[in-house]
Amino acid sequence: MKRHSAFSQAFFFFLFRGSACAAIAVLLLVIALLLFSGHAVISWQFLSSAWQQQDIAKGGIFPAILGSIYLGLGVMIISFPFGIATAVFLTEYGNHSRWRRLIQLAIRNLAGVPSVVYGLFGLAVFVHIFGFGMSLLSAILTLSVMTLPWVITSSVEALEAVPEQFRDSSLALGATKWQTVRRIVLPAALPGCLTGGVVGTARALGETAPIILVGATFFLTHLPSSPFDKYMALPYHVFILSTQHASPHAQEFAAGSALVLMAITFLLSLGAIILRYRFRRKKVW
Amino acid sequence: MPSDALFTGHRAYRTERMMDKVMRYVFSIVAASTVILLIGIFAFLLQNGIGMFQKVHPFAFFFGTNWNPNALAGAAWGMLPLAVSTLLVAVGALTFAIPFGLSLAIYLAYLAPKRTREILKPVIEMIAGIPSVVLGLIGLLFLSPLVARSFHLSNGLSALTASLLVGITVVPTIASLCEDALSSVPGRLREASLALGATEWTTIRRVLLPSAASGILAATMLGLGRAIGETMVVLMVAGNSLAMPNGFLDPVRPMTATIAIEIREVVMGDLHWKALFAVGLTLFVMSFLLNTVTDFFLYKKKNT
Amino acid sequence: MTTMRKMIVLSSCLFLSACATKGNDNEIVIQGSDTEVQLVSALVEAFSTLHPEAHMSVAGGGSAVGIAALINGETDIANSSRQMKAEEIAIAKEKGKNPQEYILARDGLSVIVHPSNTVTTLTLAQVGEIYAGKITNWKEVGGTDGPIVLYGRQSTSGTFGFFRDTVVQADYAASMRQMEGTEAVVDGVTADTQGIGYAGIGYVADQDGNPRGDVTILTIASTEGAEAISPLNQEAVMTGKYPIFRRIYQYLPDLPAKDSLIAELLAFESSEEGLTIVQNQGFYPLTVEDAAINTAILDSLR
């Protein structure tokens with residue numbers, strides 16, 4: 001019995017260790033395969049020049065990179081204030097409200113809704129009803145709505161991590177609730193909120209389905225200069241390069257664009273993880 | 001520490017009191033509008049999709065086996081092949097992702113040395129951060145030919161290829177939630193079991209896993225929700241055939257891909273539009289049910 | 001907090017100033033056919049070197065996407081590889097649009113198979129029956145035993161509609177794999193020894209009329225016993241001898257104003273440089289009759 005037990009333990013523990021190796025292998029494999037297909041394409045010209053339709057080897061993906069950067073910035077500008085404010089309400093002002101459980105349920109549900117459904121909502125509301133058309137603004141708003149539940153959830157976590165004593169001491173000294181929030185709770189929780197928000201934005205940057213529905217373009221003559229302009233975006237560019245371009249270079253370019261997209265999302269996520277790590281180190285509580 | 005603004009005169013004091021009231025309202029309004037927006041999504045789907053059921057009987061919609069909005073003989077709105085495709089890919093993904101995710105969770109919670117943990121957790125988060133269109137590209141370039149060669153198919157674009165890739169997207173969710181569940185099992189249970197002479201593995205198998213069961217189940221439900229909602233991978237590698245699939249090696253077209261493909265061609269407000277919103281509504285309801293069940297299990301776990 | 005306030009004021013100003021530039025007269029939005037998207041993008045690119053102030057964008061998605069956008073008022077030009085149906089024109093008119101049809105190029109829709117397939121020619125009827133699901137094995141049409149795997153476009157595609165109405169004349173078999181773009185169809189066939197697909201000539205031949213090496217372009221006989229013709233034969237496509245020829249179109253929501261940028265773009269497409277680009281992209285030029293129809297539209301603007 002004991003020997004059988006020892007054997008099965010060794011076997012299963014080997015499997016568990018193996019799964020850890022497999023996870024690392026999967027990540028490395030994805031990166032390696034992309035590098036293999038797309039490394040020839042990466043160059044400064046690729047990153048900085050405009051898209052040349054007639055001979056794609058002479059052009060680059062800069063419009064798509066810029067479009068994605070604009071999308072990311074827009075999502076941060078819109079979802080962070082609304083998301084953090086909602087989280088503040090939930091933790092500071094709504095604590096004893098019975099609405100709180102309901103609201104948190106609603107938010108958790110919405111975090112699980114498929115991204116294509118957000119795209120449907122964005123298409124019907126921002127593109128048609130509000131009349132923004134298939135523009136950068138519609139895409140930013142759609143992606144912001146999609147990122148909102150994520151920002152709220154991680155901000156709530158960060159705010160709840162601030163020790164209750166901080167608030168109690170502040171209130172005991174005669175500060176109003178708003179003063180407490182503004183000067184003590186928010187500054188303490190802000191790094192955590194921002195970290196969560198940046199990770200959420202990184203995910204939004206990688207989403208393709210909502211922007212297929214809300215209208216990224218195949219070709220542009222000018223870079224977008226206002227939120228109402230048309231735009232290109234990296235994930236959509238990868239998609240159309242792999243399915244709609246007939247050039248012999250198309251697959252290479254698709255892999256190259258995918259590498260750039262991964263690099264941007266990885267840098268953002270990595271930055272957020274490092275921020276969170278340093279923040280946790282600095283915390284005294 | 002804040003000290004200056006607190007007691008610098010009666011006027012400042014009054015301003016602060018007023019600001020407090022104002023900000024309280026500001027925060028409640030922002031929170032309320034966020035919630036209204038989020039709930040509004042559901043209402044919106046409902047409003048646009050429910051009109052479908054006035055034209056087509058719900059039974060015919062959900063159980064009809066032919067989805068052909070542009071058919072020459074008249075549009076057919078049977079959603080069953082789409083639903084079966086979605087479930088096929090999702091179940092396939094979970095078959096692969098649950099063992100993998102659970103193994104990772106067990107490893108992280110009980111077996112990993114601290115430094116390995118600090119490497120593995122970010123690795124898992126990075127896998128979660130891989131955009132699904134990139135996985136779709138890898139599927140097109142590498143996995144699909146591999147599947148074709150291994151199973152002697154003429155073409156590898158199928159539910160199986162899609163399941164493998166969707167599984168990869170779901171593993172991080174399952175792994176991190178299971179790890180949370182396992183880590184929150186009280187340490188004394190483990191110590192007591194080992195003190196009684198059980199091996200590590202027996203302890204895990206018979207004591208720790210069962211006590212984390214509701215958390216693990218919750219992780220599975222959420223993973224299922226994520227797999228059902230995946231769009232890009234299935235759009236690129238699942239094969240895109242509207243015929244009812246017979247197995248994992250058949251080409252399939254799940255509900256998410258159908259919406260993404262067809263929504264652009266519809267004129268706002270016509271029957272095809274309503275039909276696609278009805279499919280979207282179905283997806284929303286499926287994910288809502290999964291989330292509610294998950295919530296129930298997590299709540300139950302908190303109260304045991 | 002003052003830095004925060006400054007940033008809020010600054011971004012609001014930027015936003016408002018950006019709003020002021022909305023409704024640019026020099027903007028042309030083009031949406032629609034995936035068959036045409038590369039061609040039209042190339043034309044727009046060349047046109048923009050002549051008119052650098054023009055802000056133009058081209059998006060794909062399929063002919064039906066372009067037509068829906070035209071009806072919804074979201075596009076200035078709708079690329080379509082099939083003609084608008086009567087119902088679509090009626091709905092457009094209801095919404096206040098006056099669709100104008102402009103012929104962009106001629107296309108020989110080619111039927112492709114894997115290079116290892118022994119079948120090199122089919123009749124039109126056989127192709128139709130294959131896609132309707134009535135013929136399911138290659139040995140029924142003279143090839144080696146093996147199931148036929150169908151590749152086609154999605155319902156958003158004009159090519160999907162055109163092929164169905166002209167060749168299949170029935171609903172497609174449910175097993176047909178509906179790919180996202182023409183290139184996806186071609187890629188599917190290059191990887192599948194049992195596959196068959198259809199694609200505009202621009203995707204399977206280069207500018208000199210040389211076919212891609214990784215697919216076989218079938219010759220099609222219009223009836224049993226007739227001469228089988230290849231879509232690479234430009235003359236056959238222009239005269240209609242090749243059975244699956246078609247014109248590809250651009251639709252406008254209304255007659256463009258004289259001297260407007262759109263009218264200039266259309267004139268450019270009919271010009272020598274535009275026609276060279278059409279041929280470089282692998283399509284065939286208009287016949288004299290087609291060109292006359294276009295000229296009539298352009299002339300009516302002056």
# chains A, B, ... in the order shown; residues from 1 in each chain; ligands from 1
>>> select_by_dssp(residues="region 56-196 of chain C", states="alpha helix (DSSP H)", output="PyMOL selection string")
chain C and resi 63-72+86-94+124-132+158-163+182-191
>>> write_last_selection(atoms="N, CA and C atoms", output="CSV table (one decimal), in the first residue's frame")
chain,number,residue,atom,x,y,z
C,63,SER,N,-19.2,42.6,-50.1
C,63,SER,CA,-20.1,43.5,-50.8
C,63,SER,C,-21.3,43.9,-50.0
C,64,ALA,N,-21.9,43.0,-49.3
C,64,ALA,CA,-23.1,43.2,-48.6
C,64,ALA,C,-22.8,44.3,-47.5
C,65,VAL,N,-21.6,44.3,-46.9
C,65,VAL,CA,-21.2,45.3,-45.9
C,65,VAL,C,-21.3,46.7,-46.6
C,66,GLY,N,-20.7,46.8,-47.8
C,66,GLY,CA,-20.7,48.1,-48.5
C,66,GLY,C,-22.1,48.5,-48.8
C,67,ILE,N,-22.9,47.6,-49.3
C,67,ILE,CA,-24.2,48.0,-49.7
C,67,ILE,C,-25.0,48.4,-48.4
C,68,ALA,N,-24.9,47.7,-47.3
C,68,ALA,CA,-25.6,48.1,-46.1
C,68,ALA,C,-25.1,49.4,-45.6
C,69,ALA,N,-23.8,49.7,-45.7
C,69,ALA,CA,-23.3,51.0,-45.3
C,69,ALA,C,-23.8,52.1,-46.2
C,70,LEU,N,-24.0,51.8,-47.5
C,70,LEU,CA,-24.5,52.8,-48.4
C,70,LEU,C,-26.0,53.1,-48.0
C,71,ILE,N,-26.7,52.1,-47.7
C,71,ILE,CA,-28.1,52.3,-47.3
C,71,ILE,C,-28.2,53.0,-45.9
C,72,ASN,N,-27.3,52.7,-45.0
C,72,ASN,CA,-27.3,53.4,-43.7
C,72,ASN,C,-26.6,54.7,-43.8
C,86,ALA,N,-32.8,44.2,-56.5
C,86,ALA,CA,-33.9,45.2,-56.6
C,86,ALA,C,-34.4,45.6,-55.2
C,87,GLU,N,-34.4,44.6,-54.3
C,87,GLU,CA,-34.9,45.0,-52.9
C,87,GLU,C,-34.0,46.0,-52.3
C,88,GLU,N,-32.7,45.7,-52.5
C,88,GLU,CA,-31.7,46.7,-51.9
C,88,GLU,C,-31.9,48.1,-52.4
C,89,ILE,N,-32.1,48.2,-53.7
C,89,ILE,CA,-32.2,49.5,-54.3
C,89,ILE,C,-33.5,50.1,-53.8
C,90,ALA,N,-34.5,49.3,-53.6
C,90,ALA,CA,-35.8,49.9,-53.1
C,90,ALA,C,-35.6,50.4,-51.7
C,91,ILE,N,-34.9,49.6,-50.8
C,91,ILE,CA,-34.7,50.1,-49.5
C,91,ILE,C,-33.9,51.4,-49.5
C,92,ALA,N,-32.8,51.4,-50.4
C,92,ALA,CA,-32.0,52.6,-50.4
C,92,ALA,C,-32.8,53.8,-50.8
C,93,LYS,N,-33.7,53.6,-51.8
C,93,LYS,CA,-34.5,54.8,-52.2
C,93,LYS,C,-35.4,55.2,-51.1
C,94,GLU,N,-36.0,54.2,-50.3
C,94,GLU,CA,-36.8,54.6,-49.2
C,94,GLU,C,-36.0,55.5,-48.2
C,124,LEU,N,-19.6,23.9,-66.6
C,124,LEU,CA,-20.2,24.8,-65.6
C,124,LEU,C,-21.2,24.1,-64.8
C,125,ALA,N,-22.0,23.2,-65.4
C,125,ALA,CA,-23.0,22.4,-64.6
C,125,ALA,C,-22.4,21.6,-63.5
C,126,GLN,N,-21.2,21.0,-63.8
C,126,GLN,CA,-20.6,20.2,-62.8
C,126,GLN,C,-20.1,21.0,-61.6
C,127,VAL,N,-19.6,22.2,-61.9
C,127,VAL,CA,-19.2,23.1,-60.8
C,127,VAL,C,-20.4,23.4,-60.0
C,128,GLY,N,-21.5,23.7,-60.6
C,128,GLY,CA,-22.7,24.0,-59.9
C,128,GLY,C,-23.1,22.9,-59.0
C,129,GLU,N,-23.1,21.7,-59.5
C,129,GLU,CA,-23.6,20.5,-58.7
C,129,GLU,C,-22.6,20.2,-57.6
C,130,ILE,N,-21.3,20.4,-57.8
C,130,ILE,CA,-20.4,20.2,-56.7
C,130,ILE,C,-20.7,21.1,-55.6
C,131,TYR,N,-20.9,22.4,-55.9
C,131,TYR,CA,-21.2,23.4,-54.8
C,131,TYR,C,-22.5,23.2,-54.2
C,132,ALA,N,-23.5,22.6,-54.9
C,132,ALA,CA,-24.8,22.4,-54.3
C,132,ALA,C,-24.8,21.2,-53.5
C,158,GLY,N,-19.9,39.5,-52.1
C,158,GLY,CA,-20.6,39.7,-53.4
C,158,GLY,C,-20.3,38.5,-54.2
C,159,THR,N,-19.0,38.0,-54.1
C,159,THR,CA,-18.6,36.8,-54.9
C,159,THR,C,-19.5,35.6,-54.5
C,160,PHE,N,-19.8,35.5,-53.2
C,160,PHE,CA,-20.7,34.4,-52.7
C,160,PHE,C,-22.0,34.5,-53.4
C,161,GLY,N,-22.6,35.7,-53.5
C,161,GLY,CA,-23.9,35.9,-54.1
C,161,GLY,C,-23.8,35.7,-55.6
C,162,PHE,N,-22.8,36.2,-56.2
C,162,PHE,CA,-22.7,36.1,-57.7
C,162,PHE,C,-22.6,34.7,-58.1
C,163,PHE,N,-21.7,34.0,-57.4
C,163,PHE,CA,-21.4,32.6,-57.8
C,163,PHE,C,-22.6,31.7,-57.6
C,182,THR,N,-11.0,36.3,-49.8
C,182,THR,CA,-10.6,35.5,-50.9
C,182,THR,C,-9.3,34.8,-50.7
C,183,GLU,N,-8.4,35.5,-50.0
C,183,GLU,CA,-7.1,34.9,-49.8
C,183,GLU,C,-7.2,33.7,-48.9
C,184,ALA,N,-8.2,33.8,-48.0
C,184,ALA,CA,-8.4,32.6,-47.1
C,184,ALA,C,-8.9,31.4,-47.9
C,185,VAL,N,-9.7,31.7,-48.9
C,185,VAL,CA,-10.2,30.6,-49.8
C,185,VAL,C,-9.0,30.0,-50.5
C,186,VAL,N,-8.1,30.8,-51.1
C,186,VAL,CA,-7.0,30.4,-51.8
C,186,VAL,C,-6.0,29.6,-50.9
C,187,ASP,N,-5.8,30.1,-49.7
C,187,ASP,CA,-4.9,29.4,-48.8
C,187,ASP,C,-5.5,28.1,-48.4
C,188,GLY,N,-6.8,28.0,-48.3
C,188,GLY,CA,-7.4,26.8,-47.9
C,188,GLY,C,-7.2,25.7,-49.0
C,189,VAL,N,-7.3,26.1,-50.2
C,189,VAL,CA,-7.2,25.2,-51.3
C,189,VAL,C,-5.7,24.8,-51.5
C,190,THR,N,-4.8,25.7,-51.3
C,190,THR,CA,-3.4,25.4,-51.4
C,190,THR,C,-3.0,24.3,-50.4
C,191,ALA,N,-3.7,24.3,-49.3
C,191,ALA,CA,-3.3,23.3,-48.2
C,191,ALA,C,-4.1,22.0,-48.3
>>> interface_residues(of="chain A", to="chain C", cutoff="7 Å", atoms="only C-alpha atoms", output="PyMOL selection string")
chain A and resi 53-54+133+217-222+226-228+230+243-246
>>> interface_residues(of="chain A", to="chain B", cutoff="7 Å", atoms="only C-alpha atoms", output="ChimeraX atom specification")
/A:9,16-17,19-20,24,27,82,85-86,89,103,109,112-114,116-117,121,175-178,183,203,206-209,213,235,239,242,258,262,266
>>> atom_distance(atom1="CA of Ser155 (chain A)", atom2="CA of Ala87 (chain A)")
5.8 Å
>>> interface_residues(of="chain B", to="chain C", cutoff="7 Å", atoms="only C-alpha atoms", output="MDAnalysis selection string")
chainID B and resid 71:72 154:155 239:243 262 264:267
>>> residues_around(residues="region 58-66 of chain B", least_positions_apart="4", cutoff="9 Å", atoms="only C-alpha atoms", output="ChimeraX atom specification")
/B:52-54,76-83,242-244,275 /C:174
>>> residues_around(residues="Gln104 (chain A)", least_positions_apart="2", cutoff="10 Å", atoms="only C-alpha atoms", output="PDB file with C-alpha atoms, in the first residue's frame")
ATOM      1  CA  ALA A  87     -14.858  51.644  -7.150  1.00  0.00           C
ATOM      2  CA  LEU A  90     -18.479  50.975  -3.780  1.00  0.00           C
ATOM      3  CA  TRP A  99     -27.113  47.834  -3.535  1.00  0.00           C
ATOM      4  CA  ARG A 100     -23.471  46.990  -3.181  1.00  0.00           C
ATOM      5  CA  ARG A 101     -23.845  43.239  -3.514  1.00  0.00           C
ATOM      6  CA  LEU A 102     -26.143  43.683  -6.491  1.00  0.00           C
ATOM      7  CA  ALA A 106     -23.684  43.008 -12.146  1.00  0.00           C
ATOM      8  CA  ILE A 107     -20.061  43.981 -12.633  1.00  0.00           C
ATOM      9  CA  ARG A 108     -18.794  40.438 -12.290  1.00  0.00           C
ATOM     10  CA  ASN A 109     -21.324  39.286 -14.829  1.00  0.00           C
ATOM     11  CA  LEU A 110     -20.343  41.940 -17.279  1.00  0.00           C
ATOM     12  CA  PRO A 149     -15.684  45.958 -15.251  1.00  0.00           C
ATOM     13  CA  ILE A 152     -13.676  48.512 -11.280  1.00  0.00           C
ATOM     14  CA  THR A 153     -12.843  45.060  -9.932  1.00  0.00           C
ATOM     15  CA  VAL A 156     -12.056  47.752  -5.544  1.00  0.00           C
TER      16      VAL A 156
ATOM     17  CA  VAL B  35     -24.093  50.537 -13.456  1.00  0.00           C
TER      18      VAL B  35
END
>>> closest_residue(among="A:Leu268, A:Val145, A:Leu173, A:Ala254", to="His39 (chain A)", atoms="only C-alpha atoms")
A:Ala254
>>> atom_distance(atom1="CA of Arg247 (chain C)", atom2="CA of Ala291 (chain C)")
11.4 Å
